[in-house]
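For reference, the structure is listed below as structure tokens.
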Amino acid sequence: MQAFNPYLPGWEYIPDGEPYVFGDRVYVYGSHDRFGAPLFCLNDYVCWSAPVDNLADWTCSGVIFRKNQDPMNRLGLRILFAPDVAQGPDGRFYLYYAYDFLGVIGVAVCDKPDGQYQFYGHVHFPDGTVWGRRKGDEFPFDPGVLVDDDGRVFLYSGFETHVPAIMSRFRGHRNSGGVVLELEQDMVTVKAGPKLLFPLKTNTETPPPADFRGHEFFEASSIRKIDGKYVFVYSSTNNHELCWAVSDRPDGGFRFGGTLVDQGDLYLDGRTDETHALNYLGNTHGGMVQLNGNWYIFYHRQTNQHSYSRQACAERLRRTPEGGFLQAEVTSCGLNGGPLQGKGEYPARIACNLWSREGTARYDRKFDKAAHPFFTQTGKDREDRDDQYIANMRSGAVAGFKYFDFLGAGRLAVQYSGQATGKLEVSTTPDFSALCAVAAIRPSAAPAWEDTALAIPDGVHPLYFRFVGEGALNFHRFRLG
């Protein structure tokens, strides 16, 4: 089996993924989007896991925590945002979550990593006051949790956007930036803090350090201890990248490290123009994990031309001689351990690059949807059929796949549909200066195959598909051989 990006089935929409290894499996805890939904995170939490020695074999344990299990949400009207999980000093597993903009952090507990979590409590001060209920409390959001080697427990949180009072049950929250609290051994009582670690760009009282300029903290707190250092992962004010900072201690002194991954490969090769990113942009959130001796960054991509149906992806990270991390390139083969085989059949949904003739767009801003291709599926949110595809490829639209290891390849077949007439050009370069195949495209209401010769040298190459013609093409699959 081979591992692709996104690494879960095409019908599954898990953003904000936090990966952890417990025993011989890697578990991912994230929010749970609904396909075609008008809001983030409408489904209950589920847990996916895979053997550490087979990162293509993902299975779902089902729902591990429901929205209405928290006493503050008995009617299930509040939605579950990005969670985190930590194994406590008692060996049990603690799930931390925030209900949209309620302004509290809830905790659930379970005896195993993917079991049925039960409500445990809300993060609170020693006098019983729930954090977020005192006037002037920092707004609780996006929890990240670390149980240190000495058993000390740290909770990280923060959010840039001002939360309107109508969306919160309490007026008077502060939004200063990313904060840390130390918790007692019970995993829910505040021992110290909150303490400001990552001032917001808009914080004039305590401005962010100069080394964070252009990549200031926005949200998505995630923390790991790596080689004796504390590595903090977060989403920056650019919104579509995950950055890292590092310190010698868990509660201060963080220095900016750089970008770990960007949805559109911005900041790589001097690329900074968002309209010419290599994929469509929106928010992202994730964490790091070491698998088989390599570090990976988990993140998510956008689908369906909005930010409410997001999918889980991961990329391998390269390290610097000093122990830092370099920015990862977005690929189709993130967890595969290397390029995909240059033969066999592949779904178009694993494209890591996608753009129109006019470039790309940010899904959180207005743009002409009719002009841009996008990932989508037929029907409604479901778990019984994987038919995700690329829709609305108009003339000049490009879908890119990285990478394949070719050996003796000579044929290419593409599966497509739509009222389109023209050709699908294939190249190993994004400017199509190395054309290696051309497939004829004719109108077809149902998915149809077109076979053509493929002239590609042996070795590792990307593949770029560009539609040239009239109408709108839907790109379903392709076959190499």
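Ligands are numbered from 1 in the order shown, chains are lettered A, B, ... in the order of the structure tokens, and residues start at 1 in each chain.
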Just the residues within 8 Å of range 28-43 of chain A, please, counting only C-alpha atoms, with nothing from its chain fewer than 3 positions along; format it as a PDB file with N, CA and C atoms, in the first residue's frame.
ATOM      1  N   TRP A  11     -13.900  10.920   1.475  1.00  0.00           N
ATOM      2  CA  TRP A  11     -15.153  11.372   2.069  1.00  0.00           C
ATOM      3  C   TRP A  11     -14.976  11.914   3.487  1.00  0.00           C
ATOM      4  N   TYR A  13     -13.419  14.452   6.408  1.00  0.00           N
ATOM      5  CA  TYR A  13     -13.010  15.853   6.519  1.00  0.00           C
ATOM      6  C   TYR A  13     -12.569  16.131   7.964  1.00  0.00           C
ATOM      7  N   ILE A  14     -11.286  15.889   8.216  1.00  0.00           N
ATOM      8  CA  ILE A  14     -10.708  16.075   9.550  1.00  0.00           C
ATOM      9  C   ILE A  14      -9.648  17.175   9.486  1.00  0.00           C
ATOM     10  N   PRO A  15      -9.952  18.380   9.929  1.00  0.00           N
ATOM     11  CA  PRO A  15      -8.940  19.437  10.023  1.00  0.00           C
ATOM     12  C   PRO A  15      -8.294  19.457  11.400  1.00  0.00           C
ATOM     13  N   ASP A  16      -7.325  20.341  11.577  1.00  0.00           N
ATOM     14  CA  ASP A  16      -6.737  20.633  12.901  1.00  0.00           C
ATOM     15  C   ASP A  16      -6.073  19.413  13.539  1.00  0.00           C
ATOM     16  N   GLY A  17      -5.537  18.513  12.722  1.00  0.00           N
ATOM     17  CA  GLY A  17      -5.056  17.238  13.230  1.00  0.00           C
ATOM     18  C   GLY A  17      -3.851  17.338  14.159  1.00  0.00           C
ATOM     19  N   GLU A  18      -3.976  16.720  15.337  1.00  0.00           N
ATOM     20  CA  GLU A  18      -2.868  16.592  16.289  1.00  0.00           C
ATOM     21  C   GLU A  18      -2.466  15.121  16.340  1.00  0.00           C
ATOM     22  N   PRO A  19      -1.245  14.774  15.864  1.00  0.00           N
ATOM     23  CA  PRO A  19      -0.822  13.374  15.836  1.00  0.00           C
ATOM     24  C   PRO A  19       0.006  12.990  17.062  1.00  0.00           C
ATOM     25  N   TYR A  20      -0.219  11.783  17.561  1.00  0.00           N
ATOM     26  CA  TYR A  20       0.551  11.251  18.684  1.00  0.00           C
ATOM     27  C   TYR A  20       0.764   9.751  18.493  1.00  0.00           C
ATOM     28  N   VAL A  46     -14.120  12.201  16.043  1.00  0.00           N
ATOM     29  CA  VAL A  46     -13.771  10.806  15.789  1.00  0.00           C
ATOM     30  C   VAL A  46     -12.257  10.677  15.906  1.00  0.00           C
ATOM     31  N   CYS A  47     -11.769   9.452  15.970  1.00  0.00           N
ATOM     32  CA  CYS A  47     -10.326   9.226  16.036  1.00  0.00           C
ATOM     33  C   CYS A  47      -9.913   8.260  14.938  1.00  0.00           C
ATOM     34  N   TRP A  48      -8.889   8.638  14.190  1.00  0.00           N
ATOM     35  CA  TRP A  48      -8.271   7.786  13.180  1.00  0.00           C
ATOM     36  C   TRP A  48      -6.880   7.384  13.661  1.00  0.00           C
ATOM     37  N   SER A  49      -6.464   6.172  13.287  1.00  0.00           N
ATOM     38  CA  SER A  49      -5.121   5.730  13.657  1.00  0.00           C
ATOM     39  C   SER A  49      -4.572   4.781  12.606  1.00  0.00           C
ATOM     40  N   ILE A  79     -20.527  23.987  18.654  1.00  0.00           N
ATOM     41  CA  ILE A  79     -19.730  23.078  17.829  1.00  0.00           C
ATOM     42  C   ILE A  79     -18.332  22.896  18.415  1.00  0.00           C
ATOM     43  N   LEU A  80     -17.750  21.742  18.176  1.00  0.00           N
ATOM     44  CA  LEU A  80     -16.461  21.388  18.753  1.00  0.00           C
ATOM     45  C   LEU A  80     -15.318  21.852  17.857  1.00  0.00           C
ATOM     46  N   PHE A  81     -14.512  22.781  18.351  1.00  0.00           N
ATOM     47  CA  PHE A  81     -13.345  23.245  17.616  1.00  0.00           C
ATOM     48  C   PHE A  81     -12.139  22.338  17.895  1.00  0.00           C
ATOM     49  N   ALA A  82     -10.961  22.786  17.445  1.00  0.00           N
ATOM     50  CA  ALA A  82      -9.741  21.970  17.457  1.00  0.00           C
ATOM     51  C   ALA A  82      -9.395  21.446  18.850  1.00  0.00           C
ATOM     52  N   PRO A  83      -9.223  20.120  18.983  1.00  0.00           N
ATOM     53  CA  PRO A  83      -8.882  19.534  20.276  1.00  0.00           C
ATOM     54  C   PRO A  83      -7.399  19.202  20.393  1.00  0.00           C
ATOM     55  N   ASP A  84      -7.012  18.767  21.569  1.00  0.00           N
ATOM     56  CA  ASP A  84      -5.688  18.167  21.771  1.00  0.00           C
ATOM     57  C   ASP A  84      -5.846  17.061  22.812  1.00  0.00           C
ATOM     58  N   VAL A  85      -4.895  16.141  22.823  1.00  0.00           N
ATOM     59  CA  VAL A  85      -4.927  14.994  23.733  1.00  0.00           C
ATOM     60  C   VAL A  85      -3.565  14.844  24.388  1.00  0.00           C
ATOM     61  N   ASN A 304     -14.000  22.312  -1.830  1.00  0.00           N
ATOM     62  CA  ASN A 304     -15.363  22.779  -2.114  1.00  0.00           C
ATOM     63  C   ASN A 304     -15.503  24.303  -2.140  1.00  0.00           C
ATOM     64  N   SER A 307     -13.997  27.138   3.468  1.00  0.00           N
ATOM     65  CA  SER A 307     -13.120  26.662   4.544  1.00  0.00           C
ATOM     66  C   SER A 307     -13.832  25.747   5.527  1.00  0.00           C
ATOM     67  N   TYR A 308     -14.982  25.194   5.143  1.00  0.00           N
ATOM     68  CA  TYR A 308     -15.771  24.408   6.091  1.00  0.00           C
ATOM     69  C   TYR A 308     -15.762  22.912   5.805  1.00  0.00           C
ATOM     70  N   SER A 309     -14.976  22.480   4.804  1.00  0.00           N
ATOM     71  CA  SER A 309     -14.845  21.051   4.493  1.00  0.00           C
ATOM     72  C   SER A 309     -13.359  20.787   4.255  1.00  0.00           C
ATOM     73  N   ARG A 310     -12.611  20.695   5.346  1.00  0.00           N
ATOM     74  CA  ARG A 310     -11.155  20.632   5.261  1.00  0.00           C
ATOM     75  C   ARG A 310     -10.658  19.199   5.449  1.00  0.00           C
ATOM     76  N   LYS A 380     -24.018  14.114  -0.525  1.00  0.00           N
ATOM     77  CA  LYS A 380     -23.886  14.779   0.767  1.00  0.00           C
ATOM     78  C   LYS A 380     -22.763  14.157   1.589  1.00  0.00           C
ATOM     79  N   ASP A 381     -22.598  14.659   2.811  1.00  0.00           N
ATOM     80  CA  ASP A 381     -21.632  14.101   3.754  1.00  0.00           C
ATOM     81  C   ASP A 381     -21.979  12.633   4.003  1.00  0.00           C
TER      82      ASP A 381
END
### Message
I need the residues in range 304-337 of chain A that are strand (DSSP E or B) according to DSSP; give them as an MDAnalysis selection string.
### Response
chainID A and resid 306:317 319 325
With C-alpha atoms kept, could you save the residues just selected as a compact mmCIF listing (two decimals), in the first residue's frame?
# COMPACT_ATOMS: atom_id res chain seq x y z
CA HIS A 306 -14.81 27.27 1.18
CA SER A 307 -13.12 26.66 4.54
CA TYR A 308 -15.77 24.41 6.09
CA SER A 309 -14.84 21.05 4.49
CA ARG A 310 -11.16 20.63 5.26
CA GLN A 311 -8.98 17.53 4.88
CA ALA A 312 -6.00 16.10 6.72
CA CYS A 313 -2.53 16.15 5.13
CA ALA A 314 1.03 15.60 6.36
CA GLU A 315 4.56 16.29 5.12
CA ARG A 316 7.98 15.05 6.10
CA LEU A 317 10.26 17.67 7.66
CA ARG A 319 16.20 19.19 9.86
CA PHE A 325 13.30 22.45 10.86
Taking a cut-off of 12 Å and counting only C-alpha atoms, can you build a table that, for each residue of range 157-214 of chain A near range 243-254 of chain A, reports the nearest atom pair and how far apart they are in Å (one decimal), sorted by chain then residue number, as CSV?
residue,atom,partner,partner_atom,distance
A:Gly178,CA,A:Gly252,CA,11.0
A:Val179,CA,A:Asp251,CA,8.8
A:Val180,CA,A:Asp251,CA,6.5
A:Leu181,CA,A:Asp251,CA,8.2
A:Glu182,CA,A:Asp251,CA,8.5
A:Ala192,CA,A:Asp251,CA,10.4
A:Gly193,CA,A:Asp251,CA,9.6
A:Pro194,CA,A:Asp251,CA,9.9
A:Lys195,CA,A:Asp251,CA,7.8
A:Leu196,CA,A:Gly252,CA,8.4
A:Leu197,CA,A:Gly252,CA,6.0
A:Phe198,CA,A:Phe254,CA,8.3
A:Pro199,CA,A:Phe254,CA,11.4
A:Pro208,CA,A:Phe254,CA,11.0
A:Pro209,CA,A:Phe254,CA,9.5
A:Asp211,CA,A:Ala245,CA,10.1
A:Phe212,CA,A:Ala245,CA,9.0
A:Gly214,CA,A:Cys243,CA,11.0
### Message
Please identify the helix (DSSP H, G or I) residues within range 134-324 of chain A (assignment by DSSP from backbone atoms) and present them as number ranges by chain.
### Response
A: 165-167, 210-212, 274-276
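Going from CA of Ala440 in chain A over to CA of Ala420 in chain A, you cover 10.3 Å.
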### Message
My list of candidates is A:Pro143, A:Gly132, A:Pro339, A:Pro89. Which is closest to His461 in chain A when distances are computed with only C-alpha atoms?
### Response
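Among A:Pro143, A:Gly132, A:Pro339, A:Pro89, it is A:Pro339 that comes nearest to His461 in chain A.
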### Query
Skipping near chain neighbours, those fewer than 6 positions away, what residues fall within 9 Å of Gly76 in chain A using only C-alpha atoms, listed as a list in words?
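The neighbour list is Arg66, Lys67, Asn68, Gln69 and Asp70 of chain A.
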For those residues, write C-alpha atoms to a file as a PDB file, in the first residue's frame.
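Saved result, out-v2.pdb, follows:
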ATOM      1  CA  ARG A  66     -20.109  13.970  21.234  1.00  0.00           C
ATOM      2  CA  LYS A  67     -20.963  17.655  21.352  1.00  0.00           C
ATOM      3  CA  ASN A  68     -23.761  17.160  23.875  1.00  0.00           C
ATOM      4  CA  GLN A  69     -21.683  15.268  26.443  1.00  0.00           C
ATOM      5  CA  ASP A  70     -20.580  18.531  28.053  1.00  0.00           C
TER       6      ASP A  70
END
